[in-house]
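Next up, coords_18.txt (compact mmCIF, C-alpha atoms):
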# COMPACT_ATOMS: atom_id res chain seq x y z
CA MET A 1 13.39 -43.55 -143.65
CA SER A 2 13.39 -44.56 -147.30
CA THR A 3 15.87 -43.19 -149.78
CA THR A 4 15.08 -41.94 -153.25
CA PRO A 5 15.99 -44.41 -156.00
CA SER A 6 18.41 -43.44 -158.70
CA PRO A 7 16.42 -42.09 -161.67
CA LEU A 8 17.71 -44.89 -163.90
CA SER A 9 16.61 -47.55 -161.40
CA VAL A 10 12.94 -46.84 -162.18
CA LEU A 11 13.23 -47.66 -165.88
CA SER A 12 10.93 -50.43 -166.98
CA LEU A 13 12.52 -53.88 -167.25
CA ALA A 14 12.31 -53.78 -171.07
CA ALA A 15 13.90 -50.32 -171.09
CA GLN A 16 16.73 -51.46 -168.81
CA GLN A 17 17.47 -54.41 -171.09
CA ASP A 18 17.43 -52.28 -174.25
CA LYS A 19 19.57 -49.57 -172.61
CA SER A 20 22.23 -52.17 -171.78
CA ARG A 21 22.54 -53.64 -175.29
CA LEU A 22 25.83 -53.20 -177.08
CA ALA A 23 24.00 -52.29 -180.29
CA SER A 24 20.48 -51.19 -181.02
CA GLY A 25 18.74 -49.65 -184.00
CA ASP A 26 16.76 -47.30 -181.74
CA ALA A 27 18.08 -44.23 -179.95
CA TRP A 28 17.31 -43.03 -176.44
CA ILE A 29 16.31 -39.36 -176.43
CA LEU A 30 16.30 -36.98 -173.45
CA LEU A 31 13.52 -34.39 -173.59
CA LEU A 32 13.07 -31.24 -171.50
CA ASP A 33 9.84 -29.27 -171.06
CA LEU A 34 10.68 -26.06 -169.19
CA THR A 35 7.48 -24.30 -168.04
CA TRP A 36 7.11 -20.85 -166.49
CA ASN A 37 3.86 -18.84 -166.31
CA GLY A 38 2.24 -20.93 -169.04
CA THR A 39 5.21 -20.56 -171.42
CA HIS A 40 6.74 -23.86 -172.57
CA VAL A 41 10.24 -24.33 -173.94
CA ARG A 42 10.52 -27.87 -175.26
CA LEU A 43 13.99 -29.16 -176.07
CA ALA A 44 15.32 -32.52 -177.29
CA ARG A 45 18.90 -33.66 -176.76
CA ASN A 46 19.07 -34.71 -180.37
CA VAL A 47 20.09 -33.41 -183.80
CA ASP A 48 16.50 -33.50 -185.11
CA ALA A 49 13.21 -32.23 -183.71
CA ILE A 50 11.11 -34.87 -181.93
CA THR A 51 7.31 -35.00 -181.74
CA PHE A 52 6.28 -36.45 -178.39
CA ASP A 53 3.03 -36.69 -176.41
CA ALA A 54 3.86 -36.35 -172.72
CA GLY A 55 0.33 -37.32 -171.72
CA ASP A 56 -0.29 -33.90 -170.16
CA GLY A 57 -3.44 -33.18 -172.16
CA ASN A 58 -1.65 -30.91 -174.68
CA GLY A 59 -1.33 -33.64 -177.31
CA PRO A 60 1.81 -34.25 -179.36
CA GLN A 61 4.30 -31.39 -179.10
CA THR A 62 7.51 -30.66 -180.98
CA TYR A 63 10.73 -30.69 -178.98
CA GLU A 64 13.40 -28.66 -180.75
CA PRO A 65 16.98 -29.99 -181.07
CA PHE A 66 19.28 -28.43 -178.51
CA ASN A 67 22.66 -29.10 -176.93
CA PHE A 68 22.24 -29.87 -173.21
CA GLU A 69 23.33 -32.45 -170.66
CA LEU A 70 22.23 -33.65 -167.24
CA THR A 71 24.15 -34.81 -164.22
CA VAL A 72 22.55 -36.34 -161.12
CA GLU A 73 24.08 -36.02 -157.66
CA GLN A 74 22.79 -38.53 -155.13
CA PRO A 75 23.51 -37.27 -151.59
CA ALA A 76 24.81 -39.78 -149.06
CA THR A 77 22.04 -38.84 -146.63
CA ALA A 78 18.33 -39.41 -147.13
CA GLN A 79 17.90 -36.28 -149.22
CA LEU A 80 16.42 -36.05 -152.68
CA PRO A 81 18.90 -35.99 -155.59
CA THR A 82 20.02 -32.75 -157.19
CA ILE A 83 20.01 -32.59 -160.96
CA THR A 84 22.20 -30.15 -162.85
CA LEU A 85 21.24 -29.20 -166.39
CA ARG A 86 23.90 -27.52 -168.53
CA ALA A 87 22.89 -26.07 -171.88
CA SER A 88 24.65 -24.21 -174.62
CA ASN A 89 24.30 -20.43 -174.38
CA THR A 90 26.10 -19.50 -177.58
CA MET A 91 22.84 -18.50 -179.31
CA ARG A 92 21.47 -16.84 -176.11
CA ILE A 93 18.15 -18.69 -176.46
CA LEU A 94 17.80 -19.59 -172.79
CA GLN A 95 19.51 -16.36 -171.68
CA GLY A 96 16.48 -14.37 -172.84
CA LEU A 97 14.16 -16.50 -170.69
CA ILE A 98 16.41 -16.16 -167.68
CA GLU A 99 16.42 -12.39 -168.01
CA GLN A 100 12.69 -12.16 -168.76
CA TYR A 101 11.64 -14.33 -165.82
CA ALA A 102 14.24 -13.27 -163.23
CA GLY A 103 16.29 -16.47 -163.26
CA LEU A 104 13.43 -18.96 -163.75
CA ALA A 105 13.56 -19.97 -160.06
CA GLY A 106 10.39 -21.93 -159.37
CA ALA A 107 9.87 -22.97 -163.00
CA THR A 108 8.91 -26.58 -163.66
CA ALA A 109 11.30 -28.71 -165.68
CA ASP A 110 9.80 -32.00 -166.83
CA LEU A 111 12.40 -34.50 -168.03
CA TYR A 112 11.48 -37.45 -170.24
CA VAL A 113 13.55 -40.33 -171.52
CA CYS A 114 11.99 -42.08 -174.49
CA ASN A 115 13.05 -44.50 -177.17
CA THR A 116 12.67 -43.54 -180.83
CA ALA A 117 10.93 -46.88 -181.39
CA ASN A 118 8.02 -45.59 -179.28
CA PRO A 119 7.96 -41.75 -179.39
CA ALA A 120 4.16 -41.52 -179.24
CA GLY A 121 3.84 -43.80 -176.22
CA GLU A 122 4.57 -43.25 -172.57
CA PRO A 123 8.13 -42.24 -171.73
CA ASP A 124 10.35 -44.88 -170.18
CA LEU A 125 11.28 -42.36 -167.50
CA ALA A 126 9.53 -39.14 -166.45
CA ILE A 127 10.83 -36.83 -163.72
CA THR A 128 9.26 -33.55 -162.64
CA THR A 129 11.74 -31.10 -161.18
CA VAL A 130 11.76 -27.48 -160.05
CA VAL A 131 14.40 -24.92 -161.02
CA MET A 132 16.09 -23.83 -157.79
CA ARG A 133 18.62 -21.44 -159.33
CA SER A 134 20.29 -20.59 -162.60
CA LEU A 135 23.68 -19.30 -163.66
CA SER A 136 24.72 -18.17 -167.10
CA THR A 137 27.98 -17.39 -168.81
CA ALA A 138 28.73 -16.56 -172.43
CA GLU A 139 29.07 -20.30 -173.20
CA THR A 140 26.77 -22.13 -170.79
CA VAL A 141 23.49 -21.85 -168.90
CA THR A 142 23.32 -23.99 -165.77
CA PHE A 143 20.11 -24.85 -163.93
CA ALA A 144 20.08 -26.49 -160.51
CA LEU A 145 16.99 -28.72 -160.49
CA GLU A 146 15.47 -30.44 -157.52
CA VAL A 147 13.03 -33.34 -157.61
CA ALA A 148 9.86 -32.13 -155.91
CA SER A 149 9.35 -35.47 -154.10
CA SER A 150 10.13 -39.13 -154.59
CA THR A 151 6.60 -39.63 -155.92
CA GLU A 152 7.42 -37.38 -158.88
CA ILE A 153 9.63 -40.06 -160.45
CA ALA A 154 7.32 -42.14 -162.60
CA SER A 155 7.79 -45.21 -164.70
CA PRO A 156 5.22 -46.97 -166.88
In structure tokens, how does this file's structure come out?
Amino acid sequence: MSTTPSPLSVLSLAAQQDKSRLASGDAWILLLDLTWNGTHVRLARNVDAITFDAGDGNGPQTYEPFNFELTVEQPATAQLPTITLRASNTMRILQGLIEQYAGLAGATADLYVCNTANPAGEPDLAITTVVMRSLSTAETVTFALEVASSTEIASP
């Protein structure tokens, strides 16, 4: 039985080389497109908004700056990795969605890693995940994401 590769192992060769440089003039940006019942919340782990075309037929979209981070847990067995997304809840932006949509379980969370040198092109890493559960406190919203299948990890 095959195991799922680490998400970073599917980066293109050029992306892996650029990611490993000690210095670069271009930044790597993590983007999140959270979708539930046709509603999109597009966030960029960046200080500025990013316009990005995910190739989903919606054309270029604006991803708003937001404070969030991802961690990936790779199980020792042949299971798919679990991704944990932690986001700031101080402004209660995501809290409203969680309350409106009963926790967002089943929502799609598309994750993109792109380089600012090529924001209009294909992402260097695209992962489609599903929200399994959410937890919120006054400071943090936490989403447990699961990769739908190993075929959902795409690289150009």
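Pairwise distance (atom CA of A:Thr108, atom CA of A:Asp33) equals 7.9 Å.
Distances to A:Leu32 were evaluated for A:Glu139, A:Glu69, A:Asp56, A:Glu146 using all atoms listed in the file, and the minimum falls at A:Glu69.
Coordinates place atom CA of A:Ser134 at a distance of 9.8 Å from atom CA of A:Thr84.
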Just want the 8 Å neighbourhood of A:Ala27, counted on only C-alpha atoms, with same-chain residues fewer than 4 positions away dropped. Output as a VMD selection string. chain A and resid 115 to 117
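Distance check against A:Ala144 using only C-alpha atoms: of A:Leu111, A:Leu70, A:Leu125, A:Leu94, the minimum falls on A:Leu70.
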Across A:Asn118, A:Tyr101, A:Thr140, A:Ser88, the smallest distance to A:Trp36, with all atoms listed in the file counted, is shown by A:Tyr101
The distance between atom CA of A:Arg45 and atom CA of A:Tyr112 is 10.6 Å
Within 7 Å of A:Leu145 using all atoms listed in the file, minus same-chain residues under 6 positions, as JSON, numbers by chain: {"A": [82, 83, 84, 129, 130, 131, 132]}
How would the residues just picked look written out with C-alpha atoms as a CSV table (one decimal), keeping the file's coordinate frame?
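After the write, again-v3.csv holds the following:
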chain,number,residue,atom,x,y,z
A,82,THR,CA,20.0,-32.8,-157.2
A,83,ILE,CA,20.0,-32.6,-161.0
A,84,THR,CA,22.2,-30.2,-162.8
A,129,THR,CA,11.7,-31.1,-161.2
A,130,VAL,CA,11.8,-27.5,-160.0
A,131,VAL,CA,14.4,-24.9,-161.0
A,132,MET,CA,16.1,-23.8,-157.8
Given the choices A:Ala76, A:Cys114, A:Phe68, A:Ile93, which gets closest to A:Thr51 if the distance is worked out from all atoms listed in the file? A:Cys114
Using only C-alpha atoms, give me every residue within 12 Å of (-3.5, -26.7, -170.6) in file coordinates, as a list of chain:residue names. A:Thr35, A:Asn37, A:Gly38, A:Thr39, A:His40, A:Gly55, A:Asp56, A:Gly57, A:Asn58, A:Gly59
Need a file for stretch 35-46 of chain A from that block: all heavy atoms, written as a short mmCIF file (atom, residue, chain, number, x, y, z; two decimals), in the first residue's frame.
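To be explicit, this is the file written out as decode.cif:
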data_model
loop_
_atom_site.label_atom_id
_atom_site.label_comp_id
_atom_site.auth_asym_id
_atom_site.auth_seq_id
_atom_site.Cartn_x
_atom_site.Cartn_y
_atom_site.Cartn_z
N THR A 35 -14.61 27.31 1.52
CA THR A 35 -15.88 27.35 0.79
C THR A 35 -16.94 26.52 1.49
O THR A 35 -16.71 25.36 1.84
CB THR A 35 -15.69 26.79 -0.64
OG1 THR A 35 -14.60 27.45 -1.26
CG2 THR A 35 -16.94 26.99 -1.48
N TRP A 36 -18.11 27.15 1.69
CA TRP A 36 -19.24 26.47 2.30
C TRP A 36 -20.51 27.03 1.68
O TRP A 36 -20.76 28.22 1.73
CB TRP A 36 -19.25 26.68 3.81
CG TRP A 36 -20.39 26.00 4.50
CD1 TRP A 36 -21.52 26.58 4.98
CD2 TRP A 36 -20.52 24.62 4.77
NE1 TRP A 36 -22.33 25.66 5.54
CE2 TRP A 36 -21.74 24.42 5.42
CE3 TRP A 36 -19.73 23.51 4.52
CZ2 TRP A 36 -22.20 23.18 5.84
CZ3 TRP A 36 -20.17 22.27 4.93
CH2 TRP A 36 -21.39 22.11 5.59
N ASN A 37 -21.32 26.15 1.07
CA ASN A 37 -22.59 26.54 0.45
C ASN A 37 -22.43 27.72 -0.51
O ASN A 37 -23.24 28.65 -0.51
CB ASN A 37 -23.64 26.90 1.50
CG ASN A 37 -24.18 25.68 2.22
OD1 ASN A 37 -24.03 24.57 1.75
ND2 ASN A 37 -24.80 25.89 3.34
N GLY A 38 -21.39 27.70 -1.32
CA GLY A 38 -21.18 28.75 -2.31
C GLY A 38 -20.54 30.02 -1.77
O GLY A 38 -20.23 30.92 -2.54
N THR A 39 -20.35 30.12 -0.46
CA THR A 39 -19.70 31.28 0.14
C THR A 39 -18.20 31.01 0.22
O THR A 39 -17.78 29.96 0.70
CB THR A 39 -20.25 31.54 1.57
OG1 THR A 39 -21.65 31.78 1.46
CG2 THR A 39 -19.57 32.73 2.20
N HIS A 40 -17.41 31.97 -0.27
CA HIS A 40 -15.95 31.85 -0.24
C HIS A 40 -15.38 32.84 0.77
O HIS A 40 -15.77 34.01 0.77
CB HIS A 40 -15.34 32.16 -1.61
CG HIS A 40 -15.59 31.12 -2.64
ND1 HIS A 40 -14.70 30.13 -2.91
CD2 HIS A 40 -16.65 30.93 -3.47
CE1 HIS A 40 -15.19 29.36 -3.87
NE2 HIS A 40 -16.37 29.83 -4.22
N VAL A 41 -14.46 32.38 1.57
CA VAL A 41 -13.63 33.25 2.40
C VAL A 41 -12.20 33.00 1.95
O VAL A 41 -11.68 31.90 2.10
CB VAL A 41 -13.80 32.93 3.90
CG1 VAL A 41 -12.85 33.77 4.73
CG2 VAL A 41 -15.24 33.15 4.33
N ARG A 42 -11.60 34.03 1.36
CA ARG A 42 -10.26 33.88 0.80
C ARG A 42 -9.27 34.68 1.64
O ARG A 42 -9.40 35.89 1.76
CB ARG A 42 -10.26 34.35 -0.65
CG ARG A 42 -11.10 33.46 -1.55
CD ARG A 42 -11.07 33.93 -3.00
NE ARG A 42 -11.79 33.02 -3.85
CZ ARG A 42 -13.06 33.18 -4.22
NH1 ARG A 42 -13.73 34.24 -3.81
NH2 ARG A 42 -13.64 32.30 -5.01
N LEU A 43 -8.29 33.96 2.20
CA LEU A 43 -7.33 34.58 3.10
C LEU A 43 -5.91 34.33 2.61
O LEU A 43 -5.61 33.27 2.07
CB LEU A 43 -7.49 34.00 4.51
CG LEU A 43 -8.89 34.06 5.13
CD1 LEU A 43 -8.92 33.33 6.46
CD2 LEU A 43 -9.34 35.49 5.28
N ALA A 44 -5.03 35.30 2.85
CA ALA A 44 -3.61 35.19 2.51
C ALA A 44 -2.81 35.34 3.79
O ALA A 44 -3.05 36.26 4.57
CB ALA A 44 -3.21 36.26 1.51
N ARG A 45 -1.86 34.46 4.01
CA ARG A 45 -0.96 34.60 5.16
C ARG A 45 0.11 35.59 4.74
O ARG A 45 1.21 35.22 4.30
CB ARG A 45 -0.36 33.26 5.54
CG ARG A 45 0.43 33.32 6.81
CD ARG A 45 0.81 31.92 7.27
NE ARG A 45 1.39 31.96 8.58
CZ ARG A 45 2.70 32.01 8.82
NH1 ARG A 45 3.55 32.01 7.82
NH2 ARG A 45 3.15 32.06 10.05
N ASN A 46 -0.28 36.87 4.84
CA ASN A 46 0.55 37.94 4.33
C ASN A 46 0.08 39.25 4.97
O ASN A 46 -1.01 39.30 5.54
CB ASN A 46 0.42 38.01 2.80
CG ASN A 46 1.51 38.80 2.15
OD1 ASN A 46 2.63 38.87 2.63
ND2 ASN A 46 1.19 39.42 1.03
#
